$ cat data-v9.txt   # compact mmCIF, C-alpha atoms
# COMPACT_ATOMS: atom_id res chain seq x y z
CA MET A 532 17.61 14.49 -21.86
CA LYS A 533 17.29 11.40 -19.67
CA LYS A 534 19.69 11.33 -16.74
CA THR A 535 22.17 8.48 -16.53
CA PHE A 536 23.92 7.13 -13.46
CA SER A 537 27.00 5.06 -12.78
CA GLN A 538 26.65 1.81 -10.86
CA SER A 539 28.28 3.53 -7.88
CA GLU A 540 25.69 6.33 -7.97
CA GLU A 541 22.88 3.80 -8.23
CA ASN A 542 24.26 1.88 -5.25
CA TYR A 543 24.22 5.05 -3.16
CA LEU A 544 20.62 5.82 -4.08
CA LYS A 545 19.55 2.27 -3.23
CA VAL A 546 21.32 2.29 0.13
CA ILE A 547 19.84 5.67 1.08
CA PHE A 548 16.39 4.36 0.16
CA LYS A 549 16.84 1.33 2.42
CA LEU A 550 18.23 3.39 5.31
CA SER A 551 15.35 5.86 5.08
CA PHE A 552 12.54 3.34 4.46
CA ASN A 553 9.56 4.08 6.73
CA LYS A 554 11.53 6.83 8.49
CA THR A 555 11.13 10.62 8.43
CA SER A 556 14.58 11.56 9.73
CA LEU A 557 17.50 12.44 7.49
CA VAL A 558 20.05 9.73 6.68
CA SER A 559 23.46 10.57 8.10
CA THR A 560 26.57 10.32 5.96
CA ASN A 561 28.12 8.11 8.63
CA SER A 562 25.32 5.55 8.30
CA ILE A 563 25.77 5.57 4.52
CA ALA A 564 29.52 5.08 4.92
CA SER A 565 28.91 2.17 7.30
CA ALA A 566 26.40 0.51 4.97
CA LEU A 567 28.69 0.83 1.94
CA LYS A 568 31.88 0.15 3.91
CA THR A 569 33.54 3.27 2.54
CA ALA A 570 35.16 6.44 3.89
CA ALA A 571 33.03 9.33 5.08
CA ALA A 572 34.89 11.69 2.73
CA SER A 573 33.88 9.56 -0.25
CA VAL A 574 30.26 9.66 0.88
CA THR A 575 30.30 13.44 1.19
CA GLU A 576 31.68 13.74 -2.33
CA MET A 577 29.07 11.39 -3.82
CA VAL A 578 26.20 12.95 -1.87
CA SER A 579 27.18 16.34 -3.23
CA LYS A 580 27.27 14.95 -6.77
CA LEU A 581 23.85 13.31 -6.46
CA SER A 582 22.44 16.46 -4.92
CA GLN A 583 23.59 18.43 -7.97
CA LYS A 584 21.78 15.89 -10.17
CA GLY A 585 18.57 16.52 -8.25
CA MET A 586 18.48 13.09 -6.62
CA LEU A 587 19.07 14.18 -3.01
CA ASP A 588 18.33 17.00 -0.64
CA TYR A 589 21.53 17.44 1.36
CA GLU A 590 21.81 19.39 4.60
CA ARG A 591 25.44 19.75 5.59
CA TYR A 592 26.23 18.16 8.99
CA LYS A 593 22.64 16.84 9.22
CA GLY A 594 22.16 14.31 6.45
CA VAL A 595 20.29 13.58 3.26
CA LYS A 596 16.93 12.49 1.93
CA LEU A 597 15.86 11.37 -1.50
CA THR A 598 14.03 13.83 -3.70
CA LYS A 599 10.89 12.64 -5.48
CA GLU A 600 12.97 11.91 -8.58
CA GLY A 601 15.66 10.21 -6.52
CA SER A 602 13.06 8.05 -4.78
CA ILE A 603 11.70 6.85 -8.14
CA VAL A 604 15.17 5.86 -9.36
CA ALA A 605 15.97 4.11 -6.06
CA LYS A 606 12.67 2.19 -6.02
CA MET A 607 13.28 0.86 -9.52
CA LEU A 608 16.75 -0.35 -8.50
CA VAL A 609 15.28 -2.08 -5.46
CA ARG A 610 12.54 -3.53 -7.67
CA ASN A 611 15.13 -4.91 -10.11
CA HIS A 612 17.23 -6.41 -7.31
CA ARG A 613 14.36 -8.13 -5.54
CA LEU A 614 12.79 -9.48 -8.71
CA TRP A 615 16.14 -11.02 -9.72
CA GLU A 616 16.49 -12.55 -6.25
CA SER A 617 13.01 -14.03 -6.62
CA PHE A 618 13.89 -15.43 -10.04
CA LEU A 619 17.12 -16.98 -8.79
CA VAL A 620 15.41 -18.69 -5.84
CA ASP A 621 12.06 -19.64 -7.39
CA LYS A 622 13.16 -20.61 -10.89
CA LEU A 623 16.87 -21.45 -10.71
CA HIS A 624 16.65 -22.94 -7.20
CA TYR A 625 19.43 -20.97 -5.60
CA SER A 626 19.27 -20.84 -1.80
CA TRP A 627 18.34 -17.54 -0.21
CA ASP A 628 21.88 -16.99 1.05
CA GLU A 629 23.37 -17.25 -2.46
CA VAL A 630 21.40 -14.65 -4.39
CA HIS A 631 22.30 -11.22 -3.03
CA GLU A 632 25.65 -10.76 -4.76
CA ILE A 633 24.32 -12.06 -8.09
CA ALA A 634 21.32 -9.73 -7.90
CA GLU A 635 23.69 -6.85 -7.13
CA GLN A 636 25.10 -7.34 -10.63
CA LEU A 637 21.80 -7.95 -12.41
CA GLU A 638 19.96 -4.99 -10.87
CA HIS A 639 21.82 -2.53 -13.10
CA VAL A 640 20.28 -3.91 -16.31
CA LYS A 641 18.62 -0.93 -18.00
CA SER A 642 15.87 -2.68 -19.99
CA GLN A 643 12.53 -1.82 -18.37
CA THR A 644 10.78 -4.20 -20.77
CA LEU A 645 12.94 -7.07 -19.50
CA ILE A 646 12.12 -6.28 -15.87
CA ASP A 647 8.40 -5.99 -16.59
CA ARG A 648 8.44 -9.35 -18.38
CA LEU A 649 10.43 -10.86 -15.53
CA GLU A 650 7.82 -9.66 -13.04
CA GLU A 651 5.02 -11.13 -15.17
CA PHE A 652 6.91 -14.43 -15.57
CA LEU A 653 7.23 -14.66 -11.77
CA GLY A 654 3.51 -14.00 -11.26
CA PHE A 655 3.83 -10.44 -9.95
CA PRO A 656 5.35 -11.29 -6.55
CA LYS A 657 4.86 -8.75 -3.76
CA PHE A 658 7.81 -9.92 -1.65
CA ASP A 659 11.28 -11.30 -2.33
CA PRO A 660 12.83 -14.49 -0.84
CA HIS A 661 13.89 -12.56 2.28
CA GLY A 662 10.41 -11.14 2.84
CA ASP A 663 11.22 -7.64 1.60
CA PRO A 664 8.53 -5.82 -0.43
CA ILE A 665 9.00 -5.52 -4.19
CA PRO A 666 7.91 -2.16 -5.62
CA ASP A 667 5.66 -2.51 -8.67
CA LYS A 668 6.43 -0.68 -11.93
CA ASN A 669 4.68 2.41 -10.57
CA GLY A 670 6.71 2.36 -7.35
CA LYS A 671 3.82 1.14 -5.18
CA ILE A 672 4.94 -0.97 -2.22
CA THR A 673 2.78 -3.53 -0.40
CA MET A 674 3.46 -3.57 3.33
CA LYS A 675 3.01 -6.35 5.89
CA GLU A 676 1.99 -6.03 9.50
CA ASP A 677 4.93 -7.81 11.07
CA VAL A 678 7.20 -7.11 14.02
CA PRO A 679 10.62 -8.28 15.22
CA LEU A 680 10.51 -11.59 17.06
CA ILE A 681 12.03 -9.88 20.10
CA GLN A 682 8.84 -7.83 20.54
CA LEU A 683 6.56 -10.84 20.97
CA LEU A 684 5.33 -11.84 24.41
CA THR A 685 5.36 -15.28 26.03
CA GLY A 686 2.56 -17.34 24.50
CA ASP A 687 2.41 -15.36 21.26
CA VAL A 688 2.20 -17.36 18.03
CA GLY A 689 3.22 -16.19 14.58
CA VAL A 690 4.81 -16.99 11.24
CA ILE A 691 8.19 -15.83 9.93
CA THR A 692 7.56 -13.33 7.13
CA GLY A 693 11.00 -11.78 6.66
CA VAL A 694 14.52 -11.14 7.87
CA LYS A 695 16.29 -7.80 8.17
CA GLU A 696 19.85 -9.10 7.83
CA HIS A 697 20.78 -10.73 4.53
CA THR A 698 24.37 -11.83 5.15
CA LYS A 699 25.31 -15.32 4.04
CA ALA A 700 26.43 -16.27 7.57
CA PHE A 701 23.15 -15.19 9.15
CA LEU A 702 20.94 -16.90 6.57
CA LYS A 703 22.92 -20.12 6.87
CA TYR A 704 22.53 -19.88 10.66
CA LEU A 705 18.74 -19.62 10.29
CA ASP A 706 18.70 -22.58 7.88
CA GLN A 707 20.35 -24.77 10.52
CA PHE A 708 17.35 -24.36 12.80
CA GLY A 709 14.62 -24.24 10.16
CA LEU A 710 13.94 -20.55 10.81
CA VAL A 711 12.91 -19.75 7.24
CA LEU A 712 10.02 -17.83 5.73
CA GLY A 713 6.68 -19.50 6.39
CA THR A 714 7.85 -21.21 9.59
CA ASN A 715 5.41 -21.13 12.51
CA ILE A 716 6.83 -20.19 15.89
CA GLN A 717 5.48 -19.90 19.42
CA VAL A 718 7.22 -17.91 22.15
CA LEU A 719 7.66 -20.21 25.15
CA ASP A 720 9.69 -17.93 27.41
CA LYS A 721 11.69 -14.70 27.50
CA TYR A 722 14.79 -14.36 29.65
CA GLU A 723 15.30 -11.01 31.31
CA TYR A 724 19.01 -11.55 31.90
CA ASP A 725 20.08 -11.33 28.25
CA ASN A 726 16.76 -10.76 26.42
CA SER A 727 17.03 -14.13 24.69
CA VAL A 728 13.82 -15.89 23.64
CA LYS A 729 12.83 -19.56 23.83
CA ILE A 730 10.63 -20.59 20.92
CA ARG A 731 8.92 -23.68 19.54
CA ILE A 732 9.41 -24.20 15.81
CA ASN A 733 6.52 -25.68 13.77
CA ASP A 734 5.08 -27.26 16.94
CA GLN A 735 8.17 -29.47 17.23
CA ALA A 736 11.73 -28.43 18.08
CA GLU A 737 12.49 -25.88 20.79
CA GLN A 738 15.27 -23.34 20.40
CA VAL A 739 16.67 -20.38 22.32
CA VAL A 740 17.57 -17.41 20.12
CA SER A 741 19.63 -14.43 21.19
CA GLU A 742 18.36 -10.87 21.33
CA LYS A 743 20.48 -10.08 18.27
CA VAL A 744 18.83 -12.83 16.24
CA GLY A 745 15.39 -11.95 17.59
CA GLN A 746 15.77 -8.40 16.34
CA GLN A 747 16.46 -9.59 12.79
CA ILE A 748 13.55 -12.03 12.34
CA ARG A 749 10.20 -10.53 11.32
CA ILE A 750 7.02 -12.18 12.59
CA GLN A 751 3.38 -11.78 11.62
CA LYS A 752 1.25 -12.68 14.62
CA ILE A 753 -1.58 -15.19 14.15
$ encode --input "data-v9.txt" --output "structure tokens"
Amino acid sequence: MKKTFSQSEENYLKVIFKLSFNKTSLVSTNSIASALKTAAASVTEMVSKLSQKGMLDYERYKGVKLTKEGSIVAKMLVRNHRLWESFLVDKLHYSWDEVHEIAEQLEHVKSQTLIDRLEEFLGFPKFDPHGDPIPDKNGKITMKEDVPLIQLLTGDVGVITGVKEHTKAFLKYLDQFGLVLGTNIQVLDKYEYDNSVKIRINDQAEQVVSEKVGQQIRIQKI
């Protein structure tokens, strides 16, 4: 019998996948609570429930990791979410700061045929509008060789390939300065006092970005 999950359970699996992506350490219940903006006690209860369903390996007081089965379910949720974001931006012309909440609703659609057709309609995209990788129907993920802007050295040149933070406020902030995907940047200077970075944008405007912003922008060096 095929296992079924509530939207809340699916949201937990997706968040744990994101928190553990490219990491080998266990995901703490506190980090899950912070990401979902919920109480630690609620996380412990849900983690226990998902563990009983075979979705998580849970070590009390240490944290959790997805089982193989849990990873498959989580990847498909992430796939759904990022394909819907791509559709909303590329075909319905939403801005990248408008799509997250809508995709949060659409990702729970159960029709695999619909998602496969959506992927084909979009031309099998590898990355969503925020630069995050989209798992294919087999769960395979294409990775990019990019680094946070803050790690670049003076004189380095690169292109923006993604952003880690997806909040509406942050994406609108980036829009104000033209710091969107595909933008070319050159590091002009780095300031030791506060770790801010002075950059040139598309060989034109110059802008100083804070360390906080520099940590969130992903750059592929060229």
$ residues_near_point --input "data-v9.txt" --point "(19.3, -9.9, 18.2)" --cutoff "10 Å" --atoms "all atoms listed in the file" --output "list in words"
Pro679, Leu680, Ile681, Asn726, Ser727, Val728, Val740, Ser741, Glu742, Lys743, Val744, Gly745, Gln746, Gln747 and Ile748 of chain A
$ write_last_selection --input "data-v9.txt" --atoms "C-alpha atoms" --output "tab-separated table (two decimals), in the frame of the given file"
chain	number	residue	atom	x	y	z
A	679	PRO	CA	10.62	-8.28	15.22
A	680	LEU	CA	10.51	-11.59	17.06
A	681	ILE	CA	12.03	-9.88	20.10
A	726	ASN	CA	16.76	-10.76	26.42
A	727	SER	CA	17.03	-14.13	24.69
A	728	VAL	CA	13.82	-15.89	23.64
A	740	VAL	CA	17.57	-17.41	20.12
A	741	SER	CA	19.63	-14.43	21.19
A	742	GLU	CA	18.36	-10.87	21.33
A	743	LYS	CA	20.48	-10.08	18.27
A	744	VAL	CA	18.83	-12.83	16.24
A	745	GLY	CA	15.39	-11.95	17.59
A	746	GLN	CA	15.77	-8.40	16.34
A	747	GLN	CA	16.46	-9.59	12.79
A	748	ILE	CA	13.55	-12.03	12.34
$ closest_residue --input "data-v9.txt" --among "A:Asn611, A:Glu576, A:Ser556, A:Phe548" --to "Lys593 in chain A" --atoms "all atoms listed in the file"
A:Ser556
$ residues_around --input "data-v9.txt" --residues "range 626-636 of chain A" --least-positions-apart "6" --cutoff "7 Å" --atoms "all atoms listed in the file" --output "list in words"
His612, Trp615, Glu616, Leu619, Val620, Pro660, Lys699, Leu702 and Lys703 of chain A
$ residues_around --input "data-v9.txt" --residues "Leu649 in chain A" --least-positions-apart "2" --cutoff "12 Å" --atoms "all atoms listed in the file" --output "number ranges by chain"
A: 610-619, 622, 642-647, 651-656, 667-668
$ closest_residue --input "data-v9.txt" --among "A:Val711, A:Ile732, A:Leu587, A:Val688" --to "Ile753 in chain A" --atoms "only C-alpha atoms"
A:Val688
$ atom_distance --input "data-v9.txt" --atom1 "CA of Asp621 in chain A" --atom2 "CA of Lys549 in chain A"
23.6 Å
$ closest_residue --input "data-v9.txt" --among "A:Leu719, A:Val640, A:Val595, A:Ile691" --to "His661 in chain A" --atoms "all atoms listed in the file"
A:Ile691
$ atom_distance --input "data-v9.txt" --atom1 "CA of Ile750 in chain A" --atom2 "CA of Val718 in chain A"
11.1 Å
